[in-house]
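One file, query10.txt, carrying compact mmCIF, C-alpha atoms and all ligand atoms:
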```
# COMPACT_ATOMS: atom_id res chain seq x y z
CA MET A 1 9.24 93.27 89.50
CA ILE A 2 5.60 93.93 88.89
CA THR A 3 3.48 91.45 87.02
CA GLY A 4 -0.14 90.40 86.44
CA HIS A 5 0.71 86.77 85.79
CA GLY A 6 3.13 85.87 88.51
CA ASP A 7 3.78 82.57 90.15
CA VAL A 8 6.22 81.42 92.77
CA PRO A 9 8.97 80.13 90.43
CA MET A 10 8.88 83.46 88.57
CA ALA A 11 9.16 85.38 91.84
CA VAL A 12 12.10 83.28 92.92
CA GLU A 13 13.82 83.76 89.58
CA ALA A 14 13.27 87.55 89.72
CA MET A 15 14.82 87.79 93.16
CA ARG A 16 17.70 85.64 92.07
CA LEU A 17 18.37 88.04 89.20
CA GLY A 18 18.58 90.94 91.64
CA ALA A 19 15.06 92.32 92.03
CA MET A 20 14.51 94.07 95.38
CA ASP A 21 10.96 92.72 95.60
CA PHE A 22 8.14 91.15 93.65
CA MET A 23 4.61 92.64 93.40
CA GLU A 24 1.49 91.35 91.78
CA LYS A 25 -1.05 93.60 90.11
CA PRO A 26 -3.07 95.32 91.24
CA PHE A 27 -0.44 96.81 93.52
CA ASN A 28 -0.78 99.18 96.43
CA PRO A 29 0.81 102.57 95.47
CA ASP A 30 1.86 103.32 99.05
CA ARG A 31 3.69 100.05 99.27
CA LEU A 32 5.37 100.69 95.91
CA THR A 33 6.54 104.13 97.08
CA GLU A 34 7.87 102.64 100.26
CA LEU A 35 9.75 99.93 98.36
CA ALA A 36 11.24 102.42 95.91
CA LYS A 37 12.48 104.55 98.79
CA ARG A 38 14.19 101.63 100.41
CA ALA A 39 15.71 100.54 97.12
CA THR A 40 17.16 104.02 96.55
CA GLN A 41 18.64 104.08 99.99
CA ALA A 42 20.22 100.67 99.61
CA ARG A 43 21.72 101.68 96.30
CA ARG A 44 23.14 104.90 97.72
CA MET A 45 24.73 103.02 100.55
CA THR A 46 26.34 100.57 98.15
CA LEU A 47 27.74 103.41 96.10
CA ASP A 48 28.95 105.34 99.16
CA ASN A 49 30.65 102.27 100.49
CA ARG A 50 32.28 101.59 97.22
CA ALA A 51 33.66 105.15 97.15
CA LEU A 52 34.66 104.94 100.80
CA ARG A 53 36.59 101.78 100.19
CA ARG A 54 38.39 103.28 97.25
CA ASP A 55 39.20 106.42 99.26
CA LEU A 56 40.35 104.34 102.16
CA SER A 57 42.70 102.31 100.06
CA GLU A 58 44.14 105.45 98.48
CA GLY A 59 44.47 106.98 101.91
CA GLN A 60 46.21 103.88 103.16
CA GLN A 61 48.58 104.06 100.27
CA VAL A 62 49.66 107.55 101.25
CA MET A 63 49.84 106.57 104.90
CA SER A 64 52.02 103.60 104.08
CA LYS A 65 54.57 105.98 102.58
CA LEU A 66 55.12 107.45 106.03
CA VAL A 67 58.10 105.63 107.47
CA GLY A 68 59.01 105.96 111.11
CA VAL A 69 58.65 104.22 114.41
CA SER A 70 59.31 107.06 116.83
CA PRO A 71 56.52 108.08 119.20
CA VAL A 72 56.35 111.35 117.26
CA MET A 73 55.60 109.46 114.05
CA GLU A 74 53.02 107.29 115.76
CA ARG A 75 51.29 110.41 117.04
CA LEU A 76 51.54 111.98 113.60
CA ARG A 77 49.73 109.02 112.06
CA GLU A 78 46.95 109.36 114.61
CA ASP A 79 46.77 113.12 114.05
CA ILE A 80 46.47 112.65 110.32
CA LEU A 81 43.62 110.18 110.72
CA ASP A 82 41.82 112.46 113.22
CA LEU A 83 42.36 115.76 111.48
CA GLY A 84 41.64 114.14 108.11
CA GLN A 85 38.06 113.64 109.31
CA ALA A 86 37.73 117.12 110.85
CA ASP A 87 36.44 120.19 109.00
CA GLY A 88 38.65 123.04 110.19
CA HIS A 89 41.43 124.51 108.16
CA VAL A 90 44.86 123.11 108.91
CA LEU A 91 48.24 124.71 109.29
CA ILE A 92 51.31 122.53 108.76
CA ASP A 93 54.70 123.86 109.71
CA GLY A 94 58.18 122.48 110.04
CA GLU A 95 61.62 122.77 108.55
CA THR A 96 62.30 122.03 104.92
CA GLY A 97 62.10 118.37 103.94
CA THR A 98 60.28 117.22 107.07
CA GLY A 99 57.28 115.91 105.12
CA LYS A 100 54.83 118.82 105.11
CA THR A 101 53.69 118.31 101.54
CA LEU A 102 53.40 114.57 102.05
CA VAL A 103 51.30 115.07 105.19
CA ALA A 104 49.03 117.54 103.36
CA HIS A 105 48.31 114.88 100.73
CA ALA A 106 47.72 112.29 103.41
CA LEU A 107 45.24 114.56 105.24
CA HIS A 108 43.25 114.92 102.05
CA ALA A 109 43.46 111.27 101.09
CA VAL A 110 42.21 109.86 104.40
CA GLY A 111 39.31 112.27 104.76
CA PRO A 112 35.80 112.69 103.34
CA ARG A 113 37.10 115.05 100.65
CA ALA A 114 39.31 112.40 99.09
CA SER A 115 37.04 112.02 96.07
CA LYS A 116 37.28 115.77 95.39
CA LYS A 117 40.30 117.65 94.17
CA PHE A 118 43.48 118.45 96.02
CA VAL A 119 44.75 121.70 94.50
CA PRO A 120 48.24 122.79 95.54
CA ILE A 121 49.39 126.35 94.89
CA SER A 122 52.67 127.84 96.01
CA CYS A 123 52.36 131.40 97.24
CA ALA A 124 56.07 131.83 96.65
CA ALA A 125 56.11 130.78 93.01
CA TYR A 126 54.32 133.70 91.35
CA THR A 127 54.16 137.44 91.23
CA ASP A 128 51.34 138.92 93.22
CA GLU A 129 49.30 139.62 90.13
CA LEU A 130 49.70 136.13 88.73
CA LEU A 131 49.05 134.50 92.09
CA SER A 132 45.89 136.54 92.45
CA ALA A 133 44.68 135.32 89.05
CA LYS A 134 45.68 131.72 89.76
CA LEU A 135 43.82 131.74 93.04
CA PHE A 136 40.73 133.80 92.34
CA GLY A 137 40.67 134.30 88.56
CA PRO A 138 40.27 135.28 85.87
CA VAL A 139 42.43 132.61 84.26
CA GLU A 140 42.87 132.05 80.55
CA ALA A 141 42.11 128.36 80.55
CA GLY A 142 40.52 126.17 83.19
CA LEU A 143 39.36 127.32 86.59
CA PRO A 144 40.89 129.47 89.32
CA ALA A 145 42.19 127.40 92.23
CA VAL A 146 39.36 128.30 94.61
CA GLU A 147 36.85 126.96 92.05
CA GLU A 148 38.84 123.91 91.15
CA ALA A 149 39.21 122.97 94.81
CA ARG A 150 35.51 123.44 95.58
CA GLY A 151 34.43 120.75 98.02
CA GLY A 152 37.99 119.48 98.21
CA THR A 153 41.27 120.80 99.53
CA LEU A 154 43.08 123.99 98.60
CA CYS A 155 46.69 123.55 99.66
CA LEU A 156 48.56 126.84 100.00
CA GLU A 157 52.29 126.25 100.17
CA ASP A 158 54.62 128.94 101.51
CA ILE A 159 51.68 130.76 103.04
CA GLU A 160 54.01 133.24 104.74
CA MET A 161 54.70 134.74 101.30
CA LEU A 162 51.11 135.83 100.77
CA SER A 163 50.93 139.61 100.26
CA GLU A 164 48.63 141.78 102.36
CA PRO A 165 46.07 142.37 99.62
CA LEU A 166 45.87 138.64 98.89
CA GLN A 167 45.65 137.88 102.60
CA ALA A 168 42.58 140.11 102.66
CA ARG A 169 41.03 138.29 99.68
CA LEU A 170 41.75 134.90 101.19
CA LEU A 171 40.15 136.01 104.43
CA ALA A 172 37.05 137.14 102.54
CA PHE A 173 36.95 133.80 100.71
CA ILE A 174 37.15 131.95 104.02
CA ALA A 175 34.43 134.11 105.54
CA GLU A 176 32.09 133.45 102.57
CA GLN A 177 32.33 129.73 103.07
CA GLY A 178 30.32 129.30 106.21
CA ILE A 179 30.81 126.56 108.76
CA PRO A 180 31.78 123.88 108.11
CA ALA A 181 33.81 125.17 105.20
CA GLU A 182 32.96 123.70 101.83
CA THR A 183 36.58 123.85 100.74
CA ARG A 184 39.23 122.98 103.23
CA ILE A 185 42.40 125.00 103.27
CA ILE A 186 45.68 123.40 104.23
CA ALA A 187 48.31 126.08 104.66
CA ILE A 188 51.96 125.12 104.69
CA SER A 189 54.68 127.25 106.20
CA ASN A 190 58.32 126.94 107.05
CA ALA A 191 58.60 130.51 108.21
CA ARG A 192 60.02 129.34 111.50
CA ALA A 193 63.02 127.87 109.74
CA GLU A 194 63.75 131.24 108.24
CA GLY A 195 63.78 132.82 111.65
CA ARG A 196 60.45 134.45 111.12
CA LYS A 197 57.31 133.60 112.94
CA LEU A 198 54.24 132.96 110.86
CA GLU A 199 52.25 135.01 113.35
CA GLU A 200 54.26 138.00 112.22
CA ALA A 201 54.01 137.30 108.50
CA LEU A 202 50.22 136.98 108.44
CA ARG A 203 47.49 139.28 109.67
CA PRO A 204 46.21 137.93 112.96
CA ASP A 205 42.64 137.27 111.82
CA LEU A 206 43.88 135.17 108.89
CA PHE A 207 46.46 133.39 111.01
CA TYR A 208 43.80 132.54 113.54
CA ARG A 209 41.47 131.09 110.90
CA LEU A 210 44.13 129.08 109.15
CA SER A 211 45.61 127.60 112.28
CA ALA A 212 42.38 126.20 113.68
CA LEU A 213 44.11 122.85 113.54
CA LYS A 214 47.83 122.54 113.50
CA ILE A 215 50.49 119.95 112.74
CA THR A 216 54.13 120.70 113.45
CA LEU A 217 56.62 118.32 111.88
CA PRO A 218 59.71 117.84 114.00
CA PRO A 219 63.18 117.96 112.45
CA LEU A 220 64.74 114.60 111.64
CA ARG A 221 67.63 115.10 114.08
CA SER A 222 65.17 115.02 116.97
CA ARG A 223 63.75 111.65 115.85
CA GLY A 224 66.69 109.37 116.41
CA GLU A 225 64.71 106.17 116.04
CA ASP A 226 63.51 107.18 112.59
CA ILE A 227 66.86 107.94 111.05
CA LEU A 228 68.11 104.38 110.69
CA ALA A 229 64.63 103.05 109.88
CA LEU A 230 64.26 105.62 107.09
CA PHE A 231 67.77 104.99 105.84
CA ALA A 232 67.15 101.24 105.74
CA ARG A 233 63.82 101.57 103.96
CA MET A 234 65.09 104.10 101.44
CA SER A 235 68.28 102.25 100.62
CA GLU A 236 66.25 99.09 100.11
CA GLN A 237 63.96 100.92 97.71
CA PHE A 238 66.86 102.36 95.75
CA SER A 239 68.62 99.00 95.68
CA ASP A 240 65.52 97.45 94.15
CA GLU A 241 65.35 100.26 91.67
CA TYR A 242 69.00 100.00 90.66
CA GLY A 243 69.08 96.22 90.88
CA CYS A 244 71.81 95.85 93.48
CA GLU A 245 72.35 94.97 97.12
CA PRO A 246 71.59 97.57 99.79
CA PRO A 247 74.73 98.96 101.48
CA GLN A 248 75.70 97.39 104.80
CA VAL A 249 75.85 100.13 107.38
CA THR A 250 78.81 99.74 109.72
CA ALA A 251 78.45 100.54 113.39
CA GLN A 252 80.50 103.67 112.95
CA GLU A 253 78.44 104.84 110.00
CA ALA A 254 75.25 104.22 111.91
CA ALA A 255 76.52 106.40 114.72
CA GLN A 256 77.31 109.10 112.19
CA LEU A 257 73.89 108.88 110.60
CA LEU A 258 72.39 109.29 114.04
CA GLN A 259 74.49 112.31 114.89
CA ALA A 260 74.36 114.18 111.60
CA PRO A 261 72.45 117.46 111.83
CA TRP A 262 70.24 116.74 108.78
CA PRO A 263 69.42 120.34 107.89
CA GLY A 264 67.56 119.06 104.80
CA ASN A 265 65.72 116.48 106.93
CA VAL A 266 64.04 113.50 105.26
CA ARG A 267 64.67 114.83 101.76
CA GLN A 268 68.39 114.99 102.50
CA LEU A 269 68.36 111.53 104.01
CA ILE A 270 66.70 110.14 100.88
CA ASN A 271 69.44 111.75 98.78
CA VAL A 272 72.17 110.29 100.95
CA ALA A 273 70.54 106.85 100.77
CA GLU A 274 70.38 107.02 96.99
CA ARG A 275 74.00 108.07 96.68
CA ALA A 276 75.05 105.38 99.16
CA VAL A 277 73.33 102.75 97.02
CA LEU A 278 75.01 104.02 93.85
CA GLN A 279 78.39 104.11 95.57
CA ASN A 280 77.87 100.63 96.86
CA ARG A 281 77.05 99.42 93.36
CA ARG A 282 80.33 100.84 92.12
CA GLY A 283 82.06 99.39 95.17
CA THR A 284 83.59 102.70 96.26
CA GLY A 285 83.19 105.32 98.95
CA SER A 286 81.53 105.31 102.31
CA ILE A 287 78.46 106.80 103.92
CA THR A 288 80.79 108.89 106.04
CA SER A 289 82.16 110.68 103.00
CA LEU A 290 78.64 111.38 101.79
CA LEU A 291 77.70 112.91 105.10
CA LEU A 292 80.82 115.01 105.20
CA ALA A 293 80.24 116.27 101.66
CA ASP A 294 76.71 117.18 102.62
CA GLY A 295 77.85 118.95 105.74
CA ASP A 296 80.13 121.23 103.74
CA ASP A 297 77.20 122.73 101.91
CA ASN A 298 75.42 123.47 105.12
CA GLN A 299 78.08 124.75 107.43
CA GLU A 300 75.82 126.89 109.59
CA ALA A 301 73.41 124.12 110.40
CA THR A 302 75.73 121.65 112.08
CA THR A 303 74.46 121.85 115.61
CA THR A 304 73.31 118.51 116.91
CA GLU A 305 70.56 118.40 119.43
CA GLY A 306 70.94 115.83 122.13
CA LYS A 307 68.95 112.63 121.98
CA PRO A 308 68.23 110.32 124.89
CA LEU A 309 70.81 107.55 125.07
CA LYS A 310 68.02 104.99 125.02
CA GLU A 311 67.03 106.10 121.53
CA TYR A 312 70.54 105.78 120.19
CA VAL A 313 70.94 102.38 121.73
CA GLU A 314 67.62 101.02 120.53
CA SER A 315 67.98 102.17 116.96
CA PHE A 316 71.54 100.96 116.96
CA GLU A 317 70.51 97.52 118.19
CA LYS A 318 67.79 97.33 115.63
CA MET A 319 70.15 98.17 112.81
CA LEU A 320 72.72 95.63 113.96
CA ILE A 321 70.18 92.85 114.26
CA ASP A 322 68.66 93.76 110.88
CA ASN A 323 72.01 93.69 109.17
CA THR A 324 73.15 90.48 110.80
CA MET A 325 69.83 88.85 110.02
CA ARG A 326 70.17 89.86 106.39
CA ARG A 327 73.73 88.66 106.16
CA HIS A 328 72.73 85.27 107.52
CA LYS A 329 69.66 85.14 105.29
CA GLY A 330 67.32 84.99 108.27
CA SER A 331 69.05 82.17 110.11
CA ILE A 332 68.18 82.79 113.75
CA SER A 333 70.83 80.48 115.15
CA ALA A 334 73.60 82.14 113.13
CA VAL A 335 72.49 85.55 114.41
CA MET A 336 72.33 84.23 118.00
CA ASP A 337 75.89 82.96 117.60
CA GLU A 338 77.33 86.06 116.07
CA LEU A 339 75.73 88.52 118.48
CA CYS A 340 76.04 86.18 121.48
CA LEU A 341 72.36 86.57 122.22
CA PRO A 342 70.11 84.02 123.89
CA ARG A 343 67.11 83.15 121.72
CA ARG A 344 64.66 84.86 124.04
CA THR A 345 66.44 88.18 123.99
CA LEU A 346 66.78 88.01 120.25
CA ASN A 347 63.09 87.22 119.86
CA GLU A 348 62.13 90.13 122.06
CA LYS A 349 64.33 92.58 120.26
CA TRP A 350 63.52 91.24 116.83
CA LEU A 351 59.78 91.29 117.51
CA ASN A 352 60.05 94.80 118.88
CA THR A 353 61.76 96.00 115.79
CA ALA A 354 60.10 93.97 113.04
N1 LIG B 1 58.04 110.15 107.43
C1 LIG B 1 58.40 110.01 106.14
N2 LIG B 1 58.52 108.79 105.63
C2 LIG B 1 58.91 108.62 104.35
N3 LIG B 1 59.17 109.60 103.51
C3 LIG B 1 59.05 110.85 103.97
C4 LIG B 1 58.66 111.11 105.31
N4 LIG B 1 58.64 112.45 105.48
C5 LIG B 1 59.01 112.97 104.31
N5 LIG B 1 59.25 112.03 103.39
C6 LIG B 1 59.73 112.22 102.02
O1 LIG B 1 60.73 113.22 102.11
C7 LIG B 1 60.67 114.10 101.00
C8 LIG B 1 60.43 115.50 101.50
O2 LIG B 1 59.13 115.58 102.04
P1 LIG B 1 58.18 116.82 101.69
O3 LIG B 1 58.35 117.22 100.28
O4 LIG B 1 56.80 116.47 102.13
O5 LIG B 1 58.83 117.92 102.67
P2 LIG B 1 58.40 119.41 102.92
O6 LIG B 1 58.34 119.60 104.39
O7 LIG B 1 57.16 119.72 102.14
O8 LIG B 1 59.65 120.21 102.34
P3 LIG B 1 59.70 121.72 101.79
O9 LIG B 1 59.52 122.62 102.97
O10 LIG B 1 61.06 121.84 101.21
O11 LIG B 1 58.61 121.85 100.77
C9 LIG B 1 59.56 113.57 100.11
O12 LIG B 1 60.13 112.74 99.14
C10 LIG B 1 58.70 112.78 101.07
O13 LIG B 1 58.00 111.77 100.40
MG MG B 2 56.84 120.94 100.50
```
I need this file expressed as structure tokens, please.
Amino acid sequence: MITGHGDVPMAVEAMRLGAMDFMEKPFNPDRLTELAKRATQARRMTLDNRALRRDLSEGQQVMSKLVGVSPVMERLREDILDLGQADGHVLIDGETGTGKTLVAHALHAVGPRASKKFVPISCAAYTDELLSAKLFGPVEAGLPAVEEARGGTLCLEDIEMLSEPLQARLLAFIAEQGIPAETRIIAISNARAEGRKLEEALRPDLFYRLSALKITLPPLRSRGEDILALFARMSEQFSDEYGCEPPQVTAQEAAQLLQAPWPGNVRQLINVAERAVLQNRRGTGSITSLLLADGDDNQEATTTEGKPLKEYVESFEKMLIDNTMRRHKGSISAVMDELCLPRRTLNEKWLNTA
């Protein structure tokens, strides 16, 4: 506020209404410049913070979708937060349904590019010619992907399907970008699952650039602790959705869930959970029959990798306590009675699992 007729009450009122400062004429130009600079900076910081908060909450939303208590999942969460802040391109690999696409979104959402676009393109979904146009133009309407993703994230799914000529163009695009790259590339591959190594599907210079940072998602069968946690969370969600009670998993069914090979990983588990909820609503069938039906479609993939006994036992205990707790509507003493557990042990186990 600048005025020739100021007094103290007016100054106070101006500040109260949000003025940065109050100056009387004649004013000193240097001081005015200085004040304006500071005001601009303060404003920018407010705006940045506002954006940061919004980004953070969106990022947290994506992160909260990630279920899992295994050490692998804990490490994955940390990796996402770290790599989300980094600048290098990222390669994500893992079997189908392990969460690669979800993790790609999370990486974008927790990082500084969150306010810019996340542009996913599948290299397997188009002919070479069409893919070339989609990526680099010309396109009939809108922008080619590399333009649309400028400053944000270009997510290339099924990267192993990229033809040699397009690999060369992508490499040129990457080289043009400088360091740090304006547009981050997240490449997704499940070449390994198809018995092919990504190193062999891509030219080495491109492979090297894309895999500056790498996240490998482990198959579900190697994350024993997560299986029952995911099943519980998903069947709760579906029960809410369908307006019914979540199925009670028997001890035998839990053991089967833990030992199933899960060739379709988390996606398959979500399907099984949904069907279990629907079955339960109708009051028919068992989880066992669902697993067996699933196994028939995937005969070749029925090898089960070993898991440490401790993992089986812990996830089993957790499930039992959860179920008993639910059945007794949270009554600790009833759970202590039924499972013959002293309060202290129950507290420890319950706290560990809650
Ligand atoms: N840790 C997790 N917690 C909760 N949901 C998950 C987790 N991992 C994956 N999902 C869910 O499982 C499903 C499959 O995940 P996603 O689509 O990311 O797998 P993908 O590896 O990209 O599979 P594909 O190779 O077939 O494209 C999605 O619905 C996803 O939200
Ligand atoms: Mg995917």
Pick out the residues no farther than 8 Å from ligand LIG 1 (chain B), counting all atoms listed in the file, and list them as an mmCIF file with C-alpha atoms, in the coordinates of the input.
```cif
data_model
loop_
_atom_site.group_PDB
_atom_site.id
_atom_site.type_symbol
_atom_site.label_atom_id
_atom_site.label_comp_id
_atom_site.auth_asym_id
_atom_site.auth_seq_id
_atom_site.Cartn_x
_atom_site.Cartn_y
_atom_site.Cartn_z
ATOM 1 C CA LYS A 65 54.570 105.980 102.580
ATOM 2 C CA LEU A 66 55.120 107.450 106.030
ATOM 3 C CA VAL A 67 58.100 105.630 107.470
ATOM 4 C CA GLY A 68 59.010 105.960 111.110
ATOM 5 C CA MET A 73 55.600 109.460 114.050
ATOM 6 C CA ASP A 93 54.700 123.860 109.710
ATOM 7 C CA GLY A 94 58.180 122.480 110.040
ATOM 8 C CA GLU A 95 61.620 122.770 108.550
ATOM 9 C CA THR A 96 62.300 122.030 104.920
ATOM 10 C CA GLY A 97 62.100 118.370 103.940
ATOM 11 C CA THR A 98 60.280 117.220 107.070
ATOM 12 C CA GLY A 99 57.280 115.910 105.120
ATOM 13 C CA LYS A 100 54.830 118.820 105.110
ATOM 14 C CA THR A 101 53.690 118.310 101.540
ATOM 15 C CA LEU A 102 53.400 114.570 102.050
ATOM 16 C CA VAL A 103 51.300 115.070 105.190
ATOM 17 C CA ALA A 104 49.030 117.540 103.360
ATOM 18 C CA GLU A 157 52.290 126.250 100.170
ATOM 19 C CA ILE A 188 51.960 125.120 104.690
ATOM 20 C CA SER A 189 54.680 127.250 106.200
ATOM 21 C CA ASN A 190 58.320 126.940 107.050
ATOM 22 C CA LEU A 217 56.620 118.320 111.880
ATOM 23 C CA LEU A 230 64.260 105.620 107.090
ATOM 24 C CA GLY A 264 67.560 119.060 104.800
ATOM 25 C CA ASN A 265 65.720 116.480 106.930
ATOM 26 C CA VAL A 266 64.040 113.500 105.260
ATOM 27 C CA ARG A 267 64.670 114.830 101.760
ATOM 28 C CA GLN A 268 68.390 114.990 102.500
ATOM 29 C CA ILE A 270 66.700 110.140 100.880
#
```
(message) To one decimal place in Å, what is the distance between atom CA of A:Arg169 and atom CA of A:Lys117?
(response)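 We find that atom CA of A:Arg169 and atom CA of A:Lys117 lie 21.4 Å from each other.
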(request) Find the residues around A:His108 up to 8 Å (only C-alpha atoms counted), leave out those fewer than 4 positions away in its own chain, and share them as a PyMOL selection string. (result) chain A and resi 84+104+112-114+118+152-153
Dump as a short mmCIF file (atom, residue, chain, number, x, y, z; two decimals) with C-alpha atoms, keeping the file's coordinate frame all residues having an atom at most 12 Å from (42.6, 112.8, 111.8), computed in the file's coordinates with all atoms listed in the file.
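Produced file result_2.cif, reproduced below:
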```
data_model
loop_
_atom_site.label_atom_id
_atom_site.label_comp_id
_atom_site.auth_asym_id
_atom_site.auth_seq_id
_atom_site.Cartn_x
_atom_site.Cartn_y
_atom_site.Cartn_z
CA GLY A 59 44.47 106.98 101.91
CA MET A 63 49.84 106.57 104.90
CA ARG A 75 51.29 110.41 117.04
CA LEU A 76 51.54 111.98 113.60
CA ARG A 77 49.73 109.02 112.06
CA GLU A 78 46.95 109.36 114.61
CA ASP A 79 46.77 113.12 114.05
CA ILE A 80 46.47 112.65 110.32
CA LEU A 81 43.62 110.18 110.72
CA ASP A 82 41.82 112.46 113.22
CA LEU A 83 42.36 115.76 111.48
CA GLY A 84 41.64 114.14 108.11
CA GLN A 85 38.06 113.64 109.31
CA ALA A 86 37.73 117.12 110.85
CA ASP A 87 36.44 120.19 109.00
CA GLY A 88 38.65 123.04 110.19
CA VAL A 90 44.86 123.11 108.91
CA VAL A 103 51.30 115.07 105.19
CA ALA A 104 49.03 117.54 103.36
CA ALA A 106 47.72 112.29 103.41
CA LEU A 107 45.24 114.56 105.24
CA HIS A 108 43.25 114.92 102.05
CA ALA A 109 43.46 111.27 101.09
CA VAL A 110 42.21 109.86 104.40
CA GLY A 111 39.31 112.27 104.76
CA PRO A 112 35.80 112.69 103.34
CA LEU A 213 44.11 122.85 113.54
CA LYS A 214 47.83 122.54 113.50
CA ILE A 215 50.49 119.95 112.74
#
```
(request) May I ask which of the residues A:Leu91, A:Val277, A:Leu292, A:Leu210 is the closest one to A:Gln256, counting only C-alpha atoms? (result) A:Leu292
(request) May I have the protein, DNA and RNA residues with an atom at most 9 Å from (14.4, 94.2, 98.6), counting only C-alpha atoms in the file's coordinates, returned as a PyMOL selection string? (result) chain A and resi 15+18-22+35+38-39+42
(request) Please measure the separation of atom CA of A:Ile227 and atom CA of A:Ala191, giving the value in Å to one decimal. (result)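 Going from atom CA of A:Ile227 over to atom CA of A:Ala191, I get 24.2 Å.
Proximity of A:Met234, A:Ala36, A:Ile159, A:Ala212 to A:Pro246, computed with all atoms listed in the file, is greatest for A:Met234.
Using all atoms listed in the file, the nearest neighbour of A:Leu320 within the list A:Leu257, A:Ala125, A:Val335, A:Leu291 is A:Val335.
Residue nearest ligand MG 2 (chain B) within the list A:Ser286, A:Gln237, A:Ala255, A:Cys123: A:Cys123 [criterion: smallest interatomic distance, all atoms listed in the file].
Among the candidate residues A:Met336, A:Ala124, A:Leu131, A:Ile179, the one lying nearest to ligand MG 2 (chain B) is A:Ala124, with distances computed using all atoms listed in the file.
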(message) Using all atoms listed in the file, which protein or nucleic acid residues come within 12 Å of A:Asp240? Drop anything in the same chain fewer than 4 positions from it, and give the result as a list in words.
(response)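 Final neighbour list, sorted by chain and number: Arg233, Met234, Ser235, Glu236, Cys244, Glu245, Pro246, Pro247, Glu274, Val277, Leu278 and Arg281 of chain A.
The interatomic distance for the pair atom CA of A:Leu206 and atom CA of A:Leu143 works out to 24.1 Å.
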(request) Show which residues sit within 12 Å of A:Arg209, as a PyMOL selection string. Count all atoms listed in the file, and ignore same-chain residues fewer than 5 positions away. (result) chain A and resi 88-91+167+170-175+179+181+184-187+199+202-204+214
(message) Excluding A:Arg275 and its own-chain neighbours fewer than 4 positions away, which residues fall within 9 Å of it when counting all atoms listed in the file? Please give them as a PyMOL selection string.
(response) chain A and resi 270-271+279-280+287+290
Selected residues, C-alpha atoms, written as a PDB file, in the coordinates of the input, please.
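New file selection08.pdb:
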```
ATOM      1  CA  ILE A 270      66.700 110.140 100.880  1.00  0.00           C
ATOM      2  CA  ASN A 271      69.440 111.750  98.780  1.00  0.00           C
ATOM      3  CA  GLN A 279      78.390 104.110  95.570  1.00  0.00           C
ATOM      4  CA  ASN A 280      77.870 100.630  96.860  1.00  0.00           C
ATOM      5  CA  ILE A 287      78.460 106.800 103.920  1.00  0.00           C
ATOM      6  CA  LEU A 290      78.640 111.380 101.790  1.00  0.00           C
TER       7      LEU A 290
END
```
(message) Under the rule that all atoms listed in the file are counted, which of A:Ala260, A:Leu346, A:Ile92, A:Leu166 is the nearest residue to ligand MG 2 (chain B)?
(response)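 Looking only at the distances to ligand MG 2 (chain B), the closest residue turns out to be A:Ile92.
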